file model.txt (compact mmCIF, C-alpha atoms)
# COMPACT_ATOMS: atom_id res chain seq x y z
CA MET A 234 88.46 -61.63 49.80
CA LYS A 235 89.60 -58.06 50.41
CA LYS A 236 86.16 -57.12 51.74
CA THR A 237 86.29 -60.07 54.13
CA LEU A 238 89.73 -59.02 55.37
CA MET A 239 88.50 -55.47 55.78
CA ILE A 240 85.54 -56.62 57.95
CA LEU A 241 87.76 -58.90 60.07
CA THR A 242 90.26 -56.12 60.56
CA ALA A 243 87.57 -53.65 61.60
CA LEU A 244 86.35 -56.15 64.21
CA PHE A 245 89.92 -56.61 65.36
CA PHE A 246 90.28 -52.85 65.88
CA LEU A 247 87.14 -52.79 68.00
CA ILE A 248 88.36 -55.47 70.39
CA GLY A 249 91.96 -54.26 70.70
CA GLY A 250 94.16 -55.03 67.70
CA ALA A 251 97.84 -54.39 67.11
CA GLY A 252 100.38 -52.47 65.00
CA LEU A 253 103.28 -50.09 65.11
CA ALA A 254 102.19 -46.94 66.93
CA GLU A 255 104.97 -44.75 65.60
CA ALA A 256 103.92 -45.48 62.03
CA ALA A 257 100.74 -43.53 62.58
CA LYS A 258 102.45 -40.31 63.50
CA ALA A 259 104.01 -37.71 61.29
CA PRO A 260 107.76 -38.31 61.06
CA LYS A 261 109.49 -37.41 64.31
CA LYS A 262 112.67 -35.44 63.83
CA SER A 263 115.66 -36.63 65.85
CA LYS A 264 116.77 -33.85 68.18
CA LYS A 265 120.18 -35.29 68.98
CA PRO A 266 122.32 -38.23 67.84
CA VAL A 267 121.89 -39.92 71.21
CA ARG A 268 124.28 -42.52 72.59
CA LYS A 269 122.75 -45.29 74.69
CA THR A 270 123.35 -45.52 78.44
CA THR A 271 123.09 -48.42 80.87
CA GLN A 272 119.70 -48.75 82.55
CA GLN A 273 117.34 -51.35 83.94
CA ASP A 274 115.04 -53.31 81.60
CA LEU A 275 117.08 -52.57 78.52
CA THR A 276 115.56 -53.00 75.09
CA PRO A 277 117.41 -55.35 72.71
CA ILE A 278 119.21 -52.52 70.91
CA GLU A 279 120.18 -50.89 74.21
CA LYS A 280 121.43 -54.27 75.44
CA ILE A 281 123.74 -54.81 72.46
CA ASP A 282 124.88 -51.17 72.41
CA SER A 283 125.84 -51.14 76.09
CA MET A 284 127.04 -54.80 76.10
CA GLN A 285 125.37 -55.53 79.43
CA PRO A 286 125.31 -59.33 80.00
CA GLY A 287 122.04 -61.15 79.55
CA PHE A 288 119.11 -61.64 77.19
CA ALA A 289 116.53 -59.10 76.01
CA PHE A 290 113.64 -59.28 73.57
CA GLY A 291 110.90 -57.05 72.24
CA GLY A 292 108.60 -56.67 69.30
CA ASN A 293 105.33 -55.50 67.88
CA ILE A 294 102.39 -56.68 65.83
CA ASP A 295 101.03 -54.26 63.29
CA ILE A 296 97.60 -54.61 61.71
CA LYS A 297 96.40 -51.87 59.38
CA MET A 298 94.19 -51.16 56.40
CA PHE A 299 94.83 -48.39 53.91
CA ASP A 300 93.38 -46.95 50.76
CA MET A 301 95.46 -45.09 48.16
CA VAL A 302 94.21 -43.07 45.23
CA ASN A 303 96.69 -41.96 42.59
CA ALA A 304 97.62 -42.51 38.99
CA ASN A 305 100.35 -45.09 39.48
CA PHE A 306 99.53 -47.52 42.28
CA GLY A 307 96.70 -49.93 42.92
CA GLU A 308 93.07 -49.26 42.16
CA THR A 309 90.95 -46.27 43.00
CA SER A 310 88.98 -46.76 46.23
CA ASP A 311 90.41 -50.20 46.94
CA TRP A 312 91.44 -51.07 50.51
CA TYR A 313 94.62 -53.00 51.21
CA PHE A 314 95.34 -55.23 54.19
CA TYR A 315 98.83 -54.90 55.67
CA PRO A 316 99.97 -56.93 58.71
CA VAL A 317 103.54 -56.90 60.06
CA TYR A 318 104.88 -59.16 62.80
CA ARG A 319 108.24 -58.07 64.15
CA MET A 320 110.68 -59.34 66.79
CA ALA A 321 114.05 -58.11 68.05
CA VAL A 322 116.33 -60.13 70.36
CA ALA A 323 119.78 -59.60 71.85
CA ASN A 324 122.04 -61.74 73.99
CA VAL A 325 125.34 -60.65 75.51
CA PHE A 326 127.48 -63.53 76.75
CA GLY A 327 130.03 -64.01 79.48
CA LYS A 328 132.20 -61.06 80.36
CA LYS A 329 130.51 -58.44 78.19
CA ASN A 330 132.75 -58.98 75.16
CA PHE A 331 130.52 -60.96 72.75
CA GLY A 332 126.89 -60.46 71.76
CA LEU A 333 124.32 -61.29 69.06
CA PHE A 334 121.51 -59.09 67.80
CA ALA A 335 118.61 -59.88 65.45
CA ASP A 336 115.72 -57.77 64.18
CA VAL A 337 113.40 -59.65 61.79
CA GLU A 338 109.85 -59.23 60.58
CA LYS A 339 107.20 -60.98 58.53
CA PRO A 340 105.78 -58.25 56.30
CA GLY A 341 102.70 -58.38 54.14
CA TYR A 342 101.61 -55.69 51.77
CA ALA A 343 98.63 -55.63 49.42
CA ASN A 344 99.38 -57.82 46.38
CA ILE A 345 103.14 -57.26 46.40
CA THR A 346 105.28 -60.34 47.02
CA TYR A 347 107.67 -60.23 49.97
CA PRO A 348 110.19 -62.74 51.31
CA PHE A 349 108.77 -64.85 54.10
CA ILE A 350 111.15 -63.19 56.56
CA LYS A 351 112.68 -59.76 56.12
CA VAL A 352 115.97 -59.34 58.01
CA ASN A 353 116.41 -55.77 59.19
CA GLU A 354 119.54 -56.47 61.25
CA LEU A 355 121.44 -59.63 62.09
CA TYR A 356 124.98 -59.26 63.42
CA ALA A 357 127.55 -60.37 65.95
CA LYS A 358 129.42 -57.85 68.09
CA PHE A 359 132.76 -58.29 69.81
CA GLN A 360 134.00 -55.68 72.30
CA GLN A 361 137.27 -55.41 74.20
CA ASP A 362 137.57 -52.35 76.43
CA THR A 363 136.80 -49.38 74.15
CA PHE A 364 137.26 -51.26 70.84
CA TYR A 365 134.38 -53.09 69.14
CA VAL A 366 133.65 -54.97 65.91
CA LYS A 367 130.26 -55.70 64.34
CA LEU A 368 129.81 -58.17 61.48
CA GLY A 369 126.59 -58.84 59.57
CA ARG A 370 123.50 -57.00 58.38
CA GLN A 371 123.31 -53.62 60.10
CA LEU A 372 121.31 -50.40 60.15
CA PHE A 373 123.14 -47.13 59.43
CA GLY A 374 121.60 -43.71 59.95
CA ASP A 375 117.91 -43.07 60.63
CA VAL A 376 114.86 -41.93 58.69
CA ASP A 377 115.56 -38.25 59.46
CA ASP A 378 119.16 -38.37 58.25
CA LEU A 379 119.96 -36.33 55.14
CA LEU A 380 123.19 -38.16 54.32
CA LEU A 381 122.97 -41.76 55.48
CA GLY A 382 120.37 -44.47 55.96
CA PHE A 383 120.39 -48.11 54.81
CA GLN A 384 120.23 -51.75 55.96
CA HIS A 385 122.92 -53.90 54.38
CA ASP A 386 125.71 -56.35 55.16
CA ALA A 387 128.74 -54.62 56.61
CA VAL A 388 131.86 -54.79 58.75
CA THR A 389 132.03 -52.07 61.43
CA LEU A 390 135.02 -51.09 63.58
CA GLY A 391 134.70 -48.59 66.40
CA PHE A 392 136.26 -47.02 69.46
CA ASP A 393 133.73 -46.02 72.13
CA LEU A 394 135.56 -43.46 74.25
CA ASP A 395 134.15 -41.34 77.07
CA SER A 396 132.83 -38.49 74.94
CA VAL A 397 133.72 -39.65 71.40
CA ASP A 398 132.55 -42.66 69.38
CA LEU A 399 134.77 -43.30 66.33
CA LEU A 400 133.01 -45.57 63.83
CA PHE A 401 134.35 -46.97 60.55
CA PHE A 402 132.39 -49.29 58.24
CA VAL A 403 132.56 -51.03 54.90
CA ALA A 404 129.16 -52.02 53.51
CA ARG A 405 127.89 -53.88 50.49
CA THR A 406 124.99 -51.78 49.19
CA ASN A 407 122.61 -51.12 46.31
CA LEU A 408 121.88 -47.40 46.49
CA LEU A 409 120.85 -44.68 44.09
CA THR A 410 123.49 -42.61 42.29
CA PRO A 411 122.81 -38.94 41.46
CA TRP A 412 123.76 -39.55 37.84
CA ASN A 413 122.16 -41.87 35.30
CA THR A 414 124.70 -44.49 34.21
CA GLY A 415 122.42 -47.49 34.46
CA GLY A 416 123.72 -48.76 37.80
CA ASN A 417 123.77 -48.17 41.55
CA ILE A 418 126.36 -47.69 44.26
CA GLU A 419 127.47 -51.19 45.16
CA SER A 420 129.69 -50.49 48.18
CA ILE A 421 130.29 -47.69 50.69
CA ILE A 422 133.20 -46.90 52.97
CA GLY A 423 132.20 -44.66 55.87
CA PHE A 424 133.72 -42.79 58.80
CA THR A 425 131.02 -41.34 61.08
CA PRO A 426 132.45 -40.08 64.40
CA TYR A 427 130.09 -38.88 67.11
CA PHE A 428 131.07 -36.21 69.66
CA ASP A 429 129.15 -35.86 72.92
CA LEU A 430 128.99 -32.13 73.66
CA GLY A 431 127.26 -32.50 77.00
CA GLN A 432 123.88 -33.57 78.28
CA ASP A 433 121.93 -31.54 75.72
CA MET A 434 124.03 -31.51 72.54
CA GLY A 435 125.87 -33.82 70.15
CA LEU A 436 127.67 -33.65 66.82
CA LYS A 437 128.06 -36.38 64.20
CA GLY A 438 130.47 -36.19 61.29
CA TYR A 439 130.30 -37.94 57.92
CA LEU A 440 132.84 -39.06 55.36
CA LEU A 441 131.17 -41.44 52.89
CA ILE A 442 132.71 -42.86 49.72
CA GLY A 443 130.45 -44.92 47.46
CA THR A 444 131.63 -46.81 44.37
CA GLU A 445 129.82 -47.91 41.22
CA PRO A 446 131.42 -50.14 38.55
CA ILE A 447 130.61 -49.11 34.98
CA THR A 448 131.71 -49.90 31.42
CA ILE A 449 132.92 -46.97 29.30
CA THR A 450 132.76 -47.15 25.51
CA SER A 451 134.55 -44.45 23.48
CA GLY A 452 136.90 -43.78 20.59
CA THR A 453 136.96 -44.68 16.89
CA PRO A 454 136.57 -47.57 16.51
CA PRO A 455 134.68 -47.86 19.85
CA VAL A 456 136.65 -49.51 22.64
CA SER A 457 135.11 -50.65 25.93
CA LYS A 458 136.82 -50.68 29.30
CA ASP A 459 135.77 -51.20 32.91
CA ALA A 460 135.91 -48.26 35.29
CA VAL A 461 134.71 -47.25 38.76
CA ASN A 462 132.72 -44.13 39.59
CA ALA A 463 133.02 -42.67 43.07
CA LEU A 464 130.54 -40.51 44.99
CA ILE A 465 131.93 -38.66 48.01
CA LEU A 466 129.87 -37.02 50.76
CA VAL A 467 131.22 -35.02 53.71
CA GLY A 468 129.14 -33.26 56.31
CA GLY A 469 127.88 -32.98 59.83
CA LYS A 470 124.76 -33.29 61.97
CA PHE A 471 124.28 -31.14 65.05
CA GLY A 472 121.59 -32.07 67.56
CA MET A 473 120.28 -30.24 70.59
CA ASP A 474 117.51 -31.12 73.04
CA MET A 475 117.15 -28.88 76.05
CA ALA A 476 114.63 -27.58 78.57
CA ALA A 477 112.85 -24.30 77.80
CA GLY A 478 111.10 -22.90 80.84
CA GLU A 479 109.42 -24.97 83.52
CA THR A 480 107.30 -27.13 81.22
CA GLY A 481 108.82 -26.66 77.77
CA ASN A 482 111.42 -28.40 75.63
CA PHE A 483 113.28 -27.12 72.56
CA GLY A 484 114.88 -29.40 69.99
CA LEU A 485 117.06 -28.56 67.00
CA ASP A 486 118.51 -30.82 64.34
CA ALA A 487 120.75 -29.15 61.71
CA GLN A 488 122.49 -31.08 58.93
CA LEU A 489 124.89 -30.01 56.19
CA GLY A 490 126.24 -32.20 53.42
CA ILE A 491 128.64 -31.48 50.56
CA GLN A 492 128.69 -33.89 47.64
CA PHE A 493 131.23 -34.32 44.87
CA GLY A 494 132.22 -37.16 42.61
CA MET A 495 134.93 -38.68 40.49
CA ALA A 496 132.76 -40.13 37.77
CA LYS A 497 132.19 -40.48 34.05
CA THR A 498 129.27 -41.36 31.85
CA GLN A 499 129.24 -44.54 29.78
CA ALA A 500 130.35 -42.36 26.85
CA ASP A 501 133.47 -41.23 28.76
CA GLU A 502 132.16 -37.75 29.62
CA SER A 503 133.18 -36.32 33.00
CA ILE A 504 130.32 -35.81 35.46
CA ASP A 505 130.12 -32.73 37.66
CA ALA A 506 128.53 -34.03 40.88
CA THR A 507 129.30 -31.04 43.11
CA GLY A 508 126.29 -30.23 45.26
CA ILE A 509 125.12 -29.12 48.68
CA GLY A 510 122.35 -30.32 50.98
CA ILE A 511 120.88 -28.60 54.05
CA LYS A 512 118.24 -29.95 56.42
CA ILE A 513 116.93 -28.15 59.52
CA ASP A 514 114.25 -29.36 61.93
CA ALA A 515 113.24 -27.34 64.97
CA GLU A 516 110.48 -28.04 67.47
CA TYR A 517 109.08 -26.70 70.69
CA GLY A 518 106.89 -28.72 73.02
CA SER A 519 105.23 -28.17 76.35
CA GLN A 520 103.26 -30.37 78.74
CA THR A 521 101.34 -27.63 80.51
CA SER A 522 99.42 -30.14 82.65
CA GLN A 523 98.40 -33.79 82.79
CA ASP A 524 95.42 -32.80 80.65
CA PHE A 525 97.11 -30.93 77.81
CA GLY A 526 100.39 -30.81 75.91
CA PHE A 527 101.54 -29.76 72.46
CA THR A 528 104.49 -29.82 70.05
CA VAL A 529 104.95 -27.46 67.10
CA ALA A 530 107.70 -27.91 64.54
CA GLY A 531 109.18 -26.35 61.43
CA HIS A 532 111.19 -28.18 58.78
CA LEU A 533 113.39 -27.03 55.89
CA VAL A 534 115.22 -29.07 53.25
CA TYR A 535 117.32 -27.65 50.42
CA THR A 536 119.44 -29.67 48.03
CA GLY A 537 121.13 -28.31 44.93
CA GLY A 538 119.92 -29.48 41.53
CA ASP A 539 121.00 -29.52 37.92
CA PRO A 540 120.37 -26.13 36.26
CA ASP A 541 119.86 -27.71 32.83
CA PRO A 542 119.92 -31.52 32.79
CA LEU A 543 119.36 -31.69 29.04
CA LEU A 544 122.46 -29.72 28.09
CA ASN A 545 125.25 -30.80 30.43
CA THR A 546 126.56 -33.59 32.65
CA LYS A 547 126.10 -31.75 35.94
CA THR A 548 124.01 -33.66 38.45
CA GLY A 549 122.22 -32.61 41.60
CA PHE A 550 122.62 -33.62 45.23
CA ALA A 551 121.25 -37.08 46.12
CA SER A 552 120.89 -38.53 49.61
CA LEU A 553 122.15 -42.03 50.37
CA ASN A 554 119.17 -42.59 52.68
CA SER A 555 117.00 -45.43 51.38
CA LEU A 556 115.22 -46.33 54.64
CA PRO A 557 111.43 -46.68 54.58
CA GLY A 558 109.93 -43.42 55.80
CA SER A 559 112.89 -41.22 54.91
CA GLY A 560 112.11 -38.03 53.05
CA PRO A 561 109.78 -35.27 54.21
CA GLY A 562 106.09 -35.67 54.91
CA MET A 563 103.82 -38.72 55.00
CA PHE A 564 104.11 -39.26 51.27
CA SER A 565 107.85 -39.99 51.43
CA LYS A 566 108.00 -43.80 51.27
CA ILE A 567 105.33 -46.36 51.82
CA GLN A 568 105.56 -48.65 54.84
CA ASP A 569 108.42 -51.14 55.03
CA GLY A 570 109.99 -50.64 51.67
CA ALA A 571 107.23 -51.25 49.14
CA GLY A 572 108.24 -48.03 47.40
CA PRO A 573 106.99 -44.48 47.05
CA TYR A 574 103.43 -43.90 45.95
CA THR A 575 102.62 -40.32 45.02
CA TYR A 576 101.85 -38.78 41.65
CA LEU A 577 105.51 -37.75 41.58
CA ASP A 578 106.55 -41.37 41.15
CA GLY A 579 105.42 -41.62 37.54
CA ASN A 580 107.20 -38.45 36.40
CA THR A 581 110.69 -37.06 36.01
CA ALA A 582 110.54 -35.88 39.64
CA SER A 583 109.99 -39.44 40.84
CA LEU A 584 112.74 -39.57 43.45
CA LYS A 585 113.14 -35.90 44.29
CA VAL A 586 111.16 -35.95 47.50
CA GLN A 587 112.05 -39.47 48.61
CA ASN A 588 115.83 -39.12 48.14
CA TYR A 589 116.20 -35.33 48.45
CA ILE A 590 117.34 -34.96 44.83
CA GLY A 591 117.38 -31.30 43.78
CA VAL A 592 114.41 -30.41 45.98
CA MET A 593 113.42 -27.65 48.37
CA ALA A 594 110.79 -28.58 50.97
CA PHE A 595 109.25 -26.48 53.71
CA GLY A 596 106.99 -28.01 56.34
CA LEU A 597 105.01 -27.01 59.41
CA SER A 598 103.46 -29.50 61.82
CA GLY A 599 101.69 -29.55 65.16
CA GLU A 600 100.62 -32.32 67.50
CA PHE A 601 98.50 -32.06 70.65
CA SER A 602 97.94 -34.35 73.62
CA PHE A 603 94.76 -34.56 75.71
CA ASN A 604 94.91 -36.51 78.97
CA GLN A 605 98.04 -38.18 77.54
CA THR A 606 95.62 -40.42 75.66
CA ILE A 607 94.34 -38.67 72.53
CA GLU A 608 96.92 -37.18 70.13
CA PRO A 609 95.61 -35.31 67.05
CA GLY A 610 98.03 -33.67 64.64
CA LEU A 611 98.27 -31.87 61.33
CA GLY A 612 100.95 -30.74 58.91
CA ILE A 613 101.62 -29.07 55.58
CA TRP A 614 104.54 -29.47 53.17
CA VAL A 615 105.37 -27.34 50.13
CA TYR A 616 107.79 -28.84 47.57
CA SER A 617 109.83 -27.08 44.88
CA ASN A 618 112.22 -28.31 42.23
CA THR A 619 115.71 -26.74 42.43
CA ASP A 620 116.48 -27.96 38.89
CA ASP A 621 115.91 -25.67 35.94
CA GLY A 622 114.38 -22.60 37.51
CA GLY A 623 112.89 -23.88 40.77
CA GLU A 624 109.26 -24.45 39.77
CA SER A 625 106.72 -25.71 42.30
CA LEU A 626 106.11 -29.45 42.54
CA GLY A 627 103.04 -29.25 44.73
CA THR A 628 101.66 -29.17 48.26
CA GLU A 629 100.90 -31.92 50.77
CA PHE A 630 98.39 -31.83 53.64
CA ASP A 631 98.52 -34.32 56.54
CA VAL A 632 96.10 -35.11 59.38
CA TRP A 633 96.47 -37.88 61.97
CA LEU A 634 94.99 -39.12 65.25
CA ASN A 635 96.42 -41.52 67.83
CA TYR A 636 94.47 -43.07 70.69
CA LEU A 637 96.71 -44.52 73.41
CA ALA A 638 94.50 -47.19 74.93
CA SER A 639 97.26 -48.37 77.28
CA GLU A 640 101.04 -48.36 77.57
CA VAL A 641 101.28 -50.99 74.85
CA VAL A 642 98.11 -50.70 72.76
CA THR A 643 97.45 -47.83 70.34
CA PHE A 644 94.79 -47.17 67.71
CA TYR A 645 95.47 -44.68 64.94
CA ALA A 646 94.25 -43.12 61.74
CA GLN A 647 95.90 -40.80 59.24
CA PHE A 648 95.05 -39.02 56.04
CA ALA A 649 97.37 -37.29 53.58
CA THR A 650 96.82 -35.75 50.18
CA PHE A 651 99.30 -34.38 47.65
CA ILE A 652 98.15 -31.70 45.19
CA PRO A 653 100.61 -31.43 42.28
CA ASN A 654 101.36 -28.20 40.48
CA ARG A 655 99.58 -28.16 37.13
CA ASP A 656 101.51 -25.27 35.63
CA GLY A 657 105.14 -26.05 36.49
CA ILE A 658 107.70 -25.25 33.78
CA GLY A 659 108.91 -28.60 32.49
CA TRP A 660 107.17 -30.54 35.26
CA PRO A 661 105.08 -32.62 35.05
CA PRO A 662 106.17 -33.71 31.56
CA SER A 663 102.67 -33.06 30.19
CA PRO A 664 100.99 -30.33 32.28
CA ALA A 665 98.09 -30.27 29.84
CA ALA A 666 97.21 -33.82 30.90
CA GLY A 667 95.94 -32.41 34.18
CA PRO A 668 97.66 -34.44 36.93
CA ASN A 669 95.31 -35.53 39.68
CA SER A 670 95.88 -35.37 43.41
CA ALA A 671 97.20 -38.41 45.29
CA SER A 672 95.64 -39.38 48.62
CA LYS A 673 96.04 -41.96 51.33
CA PHE A 674 93.79 -42.96 54.23
CA LEU A 675 94.99 -45.43 56.83
CA VAL A 676 93.52 -46.99 60.00
CA GLY A 677 95.33 -49.38 62.27
CA SER A 678 96.11 -50.62 65.76
CA SER A 679 99.27 -51.66 67.55
CA ILE A 680 100.66 -53.63 70.42
CA ASN A 681 104.31 -53.36 71.48
CA PHE A 682 105.99 -55.77 73.87

call {"tool": "encode", "arguments": {"input": "model.txt", "output": "structure tokens"}}
result
Amino acid sequence: MKKTLMILTALFFLIGGAGLAEAAKAPKKSKKPVRKTTQQDLTPIEKIDSMQPGFAFGGNIDIKMFDMVNANFGETSDWYFYPVYRMAVANVFGKKNFGLFADVEKPGYANITYPFIKVNELYAKFQQDTFYVKLGRQLFGDVDDLLLGFQHDAVTLGFDLDSVDLLFFVARTNLLTPWNTGGNIESIIGFTPYFDLGQDMGLKGYLLIGTEPITITSGTPPVSKDAVNALILVGGKFGMDMAAGETGNFGLDAQLGIQFGMAKTQADESIDATGIGIKIDAEYGSQTSQDFGFTVAGHLVYTGGDPDPLLNTKTGFASLNSLPGSGPGMFSKIQDGAGPYTYLDGNTASLKVQNYIGVMAFGLSGEFSFNQTIEPGLGIWVYSNTDDGGESLGTEFDVWLNYLASEVVTFYAQFATFIPNRDGIGWPPSPAAGPNSASKFLVGSSINF
């Protein structure tokens, strides 16, 4: 069956198949937390953001095949068929004060069971002058965000002023905690104001409070009681995107987060959750002519870890970003939420890279454009563990190629391999076992409408 699907898919590629073009590229780093502006032919998200009356729709069809080789997922040298059909719609009624937005998809992934329809966003928005309310499933943050990124049910209140957007939300969630108490963060209260600093710059602030209910058992004789742990994150995200010379463009994205908690273990021990996270992405691009253009970028992530997790209750920094694709490199998360899939996933470092937990990552990437049609690229990432001495986790190499057949149709291929460190102190748990490299090869095609 899989061989048949592989042959049909290959034929589909040859005659002009479909998929999500952006999925083929190395992760693009957001240069600036951009606010939407009114324009003609608005996309659905631009329509609901600007509350311009009328209906808008868009979508994509994604057909791809991929092969993964590692110790913890699938079979060696076995190809997997992965189609995704996605649609987004928005309608703003009457006098620009009420609108509906929906973003849904039908995913399919190897032999993993998915719901028939995956709801990415589905909410109603009411706006009166500068005040707005959104109710329903919503997207917060983006894949490049160090501090925030999830899709869950929420109530959002905001004031959209001329140069400031004040946003408050309360969300029901299920997110990772930096400590191990057997549960997850079940709700988050957030205040994320955005300040427009001009045409080329913006600043976003963060105050996030996540809560996790637990049961504490202590004393002689043991007595159990219910309690609530709290994780608090404060920080900021500065973005800049400006011209550099006649043909160039320079982008900078700098993020800082400070984490602390009011939390206890299930044995009533206080948890020290103080930590810091830093993420910097800088890129320079130039379109020297219609025939040639390029973009080069550097990336740095540092999050504090636990100096000795076996001897104390201190815990490292942990991002609240659970979006598919978040984390550095192509080996961050697999497409559309099926989970991470590197050698790291079966070891004590399983979530370090994907959720920025006590990790230092340095990356370099470059992408080129020929005739605005062919886009090859390559990248390298080096990962280290900031827990217990800072040993190396390993190195990742990425190569990709996009062919833009038209404004809506793209064909792509990508390859990535992760080479783990075999001699790290305390990682992997059994260095003598000789961890093998993890690799992925993917081919696909896309149509966006």

call {"tool": "closest_residue", "arguments": {"input": "model.txt", "among": "A:Pro557, A:Gly369, A:Gly518, A:Gly469", "to": "A:Ser598", "atoms": "all atoms listed in the file"}}
result
A:Gly518

call {"tool": "atom_distance", "arguments": {"input": "model.txt", "atom1": "atom CA of A:Gly537", "atom2": "atom CA of A:Gly591"}}
result
4.9 Å

call {"tool": "residues_around", "arguments": {"input": "model.txt", "residues": "A:Phe674", "least_positions_apart": "5", "cutoff": "7 Å", "atoms": "only C-alpha atoms", "output": "ChimeraX atom specification"}}
result
/A:299-301,647-649

call {"tool": "atom_distance", "arguments": {"input": "model.txt", "atom1": "atom CA of A:Thr507", "atom2": "atom CA of A:Gly494"}}
result
6.8 Å

call {"tool": "atom_distance", "arguments": {"input": "model.txt", "atom1": "atom CA of A:Pro411", "atom2": "atom CA of A:Pro540"}}
result
14.0 Å

call {"tool": "closest_residue", "arguments": {"input": "model.txt", "among": "A:Leu368, A:Ala500, A:Ala289, A:Leu400", "to": "A:His385", "atoms": "only C-alpha atoms"}}
result
A:Leu368

call {"tool": "closest_residue", "arguments": {"input": "model.txt", "among": "A:Ser519, A:Thr425, A:Asn353, A:Thr444", "to": "A:Gly599", "atoms": "only C-alpha atoms"}}
result
A:Ser519

call {"tool": "residues_around", "arguments": {"input": "model.txt", "residues": "stretch 445-455 of chain A", "least_positions_apart": "2", "cutoff": "10 Å", "atoms": "all atoms listed in the file", "output": "short mmCIF file (atom, residue, chain, number, x, y, z; two decimals) with C-alpha atoms, in the frame of the given file"}}
result
data_model
loop_
_atom_site.label_atom_id
_atom_site.label_comp_id
_atom_site.auth_asym_id
_atom_site.auth_seq_id
_atom_site.Cartn_x
_atom_site.Cartn_y
_atom_site.Cartn_z
CA ASN A 407 122.61 -51.12 46.31
CA LEU A 408 121.88 -47.40 46.49
CA LEU A 409 120.85 -44.68 44.09
CA THR A 410 123.49 -42.61 42.29
CA THR A 414 124.70 -44.49 34.21
CA GLY A 415 122.42 -47.49 34.46
CA GLY A 416 123.72 -48.76 37.80
CA ASN A 417 123.77 -48.17 41.55
CA ILE A 418 126.36 -47.69 44.26
CA GLU A 419 127.47 -51.19 45.16
CA SER A 420 129.69 -50.49 48.18
CA ILE A 421 130.29 -47.69 50.69
CA GLY A 443 130.45 -44.92 47.46
CA SER A 457 135.11 -50.65 25.93
CA LYS A 458 136.82 -50.68 29.30
CA ASP A 459 135.77 -51.20 32.91
CA ALA A 460 135.91 -48.26 35.29
CA VAL A 461 134.71 -47.25 38.76
CA ASN A 462 132.72 -44.13 39.59
CA ALA A 463 133.02 -42.67 43.07
CA LEU A 464 130.54 -40.51 44.99
CA ALA A 496 132.76 -40.13 37.77
CA LYS A 497 132.19 -40.48 34.05
CA THR A 498 129.27 -41.36 31.85
CA GLN A 499 129.24 -44.54 29.78
CA ALA A 500 130.35 -42.36 26.85
CA ASP A 501 133.47 -41.23 28.76
CA GLU A 502 132.16 -37.75 29.62
#

call {"tool": "residues_around", "arguments": {"input": "model.txt", "residues": "A:Ile465", "least_positions_apart": "6", "cutoff": "6 Å", "atoms": "all atoms listed in the file", "output": "short mmCIF file (atom, residue, chain, number, x, y, z; two decimals) with C-alpha atoms, in the coordinates of the input"}}
result
data_model
loop_
_atom_site.label_atom_id
_atom_site.label_comp_id
_atom_site.auth_asym_id
_atom_site.auth_seq_id
_atom_site.Cartn_x
_atom_site.Cartn_y
_atom_site.Cartn_z
CA LEU A 441 131.17 -41.44 52.89
CA ILE A 442 132.71 -42.86 49.72
CA GLN A 492 128.69 -33.89 47.64
CA PHE A 493 131.23 -34.32 44.87
CA GLY A 494 132.22 -37.16 42.61
#

call {"tool": "closest_residue", "arguments": {"input": "model.txt", "among": "A:Asn681, A:Asp395, A:Lys512, A:Phe373", "to": "A:Gly423", "atoms": "all atoms listed in the file"}}
result
A:Phe373

call {"tool": "closest_residue", "arguments": {"input": "model.txt", "among": "A:Thr521, A:Thr548, A:Gln605, A:Asn654", "to": "A:Glu624", "atoms": "only C-alpha atoms"}}
result
A:Asn654

call {"tool": "closest_residue", "arguments": {"input": "model.txt", "among": "A:Gly478, A:Pro277, A:Gly431, A:Gly627", "to": "A:Glu354", "atoms": "only C-alpha atoms"}}
result
A:Pro277

call {"tool": "residues_around", "arguments": {"input": "model.txt", "residues": "A:Tyr318", "least_positions_apart": "2", "cutoff": "9 Å", "atoms": "all atoms listed in the file", "output": "number ranges by chain"}}
result
A: 252, 292-296, 316, 320, 337-341

call {"tool": "residues_around", "arguments": {"input": "model.txt", "residues": "A:Ala515", "least_positions_apart": "4", "cutoff": "9 Å", "atoms": "all atoms listed in the file", "output": "ChimeraX atom specification"}}
result
/A:262,264,483-487,529-532

call {"tool": "decode", "arguments": {"input": "model.txt", "residues": "stretch 286-291 of chain A", "atoms": "N, CA and C atoms", "output": "tab-separated table (two decimals), in the first residue's frame"}}
result
chain	number	residue	atom	x	y	z
A	286	PRO	N	-15.41	45.10	6.32
A	286	PRO	CA	-16.61	44.31	6.00
A	286	PRO	C	-16.42	43.42	4.78
A	287	GLY	N	-17.05	42.25	4.83
A	287	GLY	CA	-17.01	41.35	3.70
A	287	GLY	C	-16.49	39.97	4.04
A	288	PHE	N	-16.37	39.14	3.00
A	288	PHE	CA	-15.97	37.74	3.15
A	288	PHE	C	-14.63	37.51	2.49
A	289	ALA	N	-13.80	36.67	3.09
A	289	ALA	CA	-12.51	36.31	2.50
A	289	ALA	C	-12.23	34.84	2.80
A	290	PHE	N	-11.56	34.18	1.85
A	290	PHE	CA	-11.19	32.79	2.08
A	290	PHE	C	-9.83	32.52	1.45
A	291	GLY	N	-9.20	31.48	1.92
A	291	GLY	CA	-7.92	31.04	1.37
A	291	GLY	C	-7.60	29.67	1.91
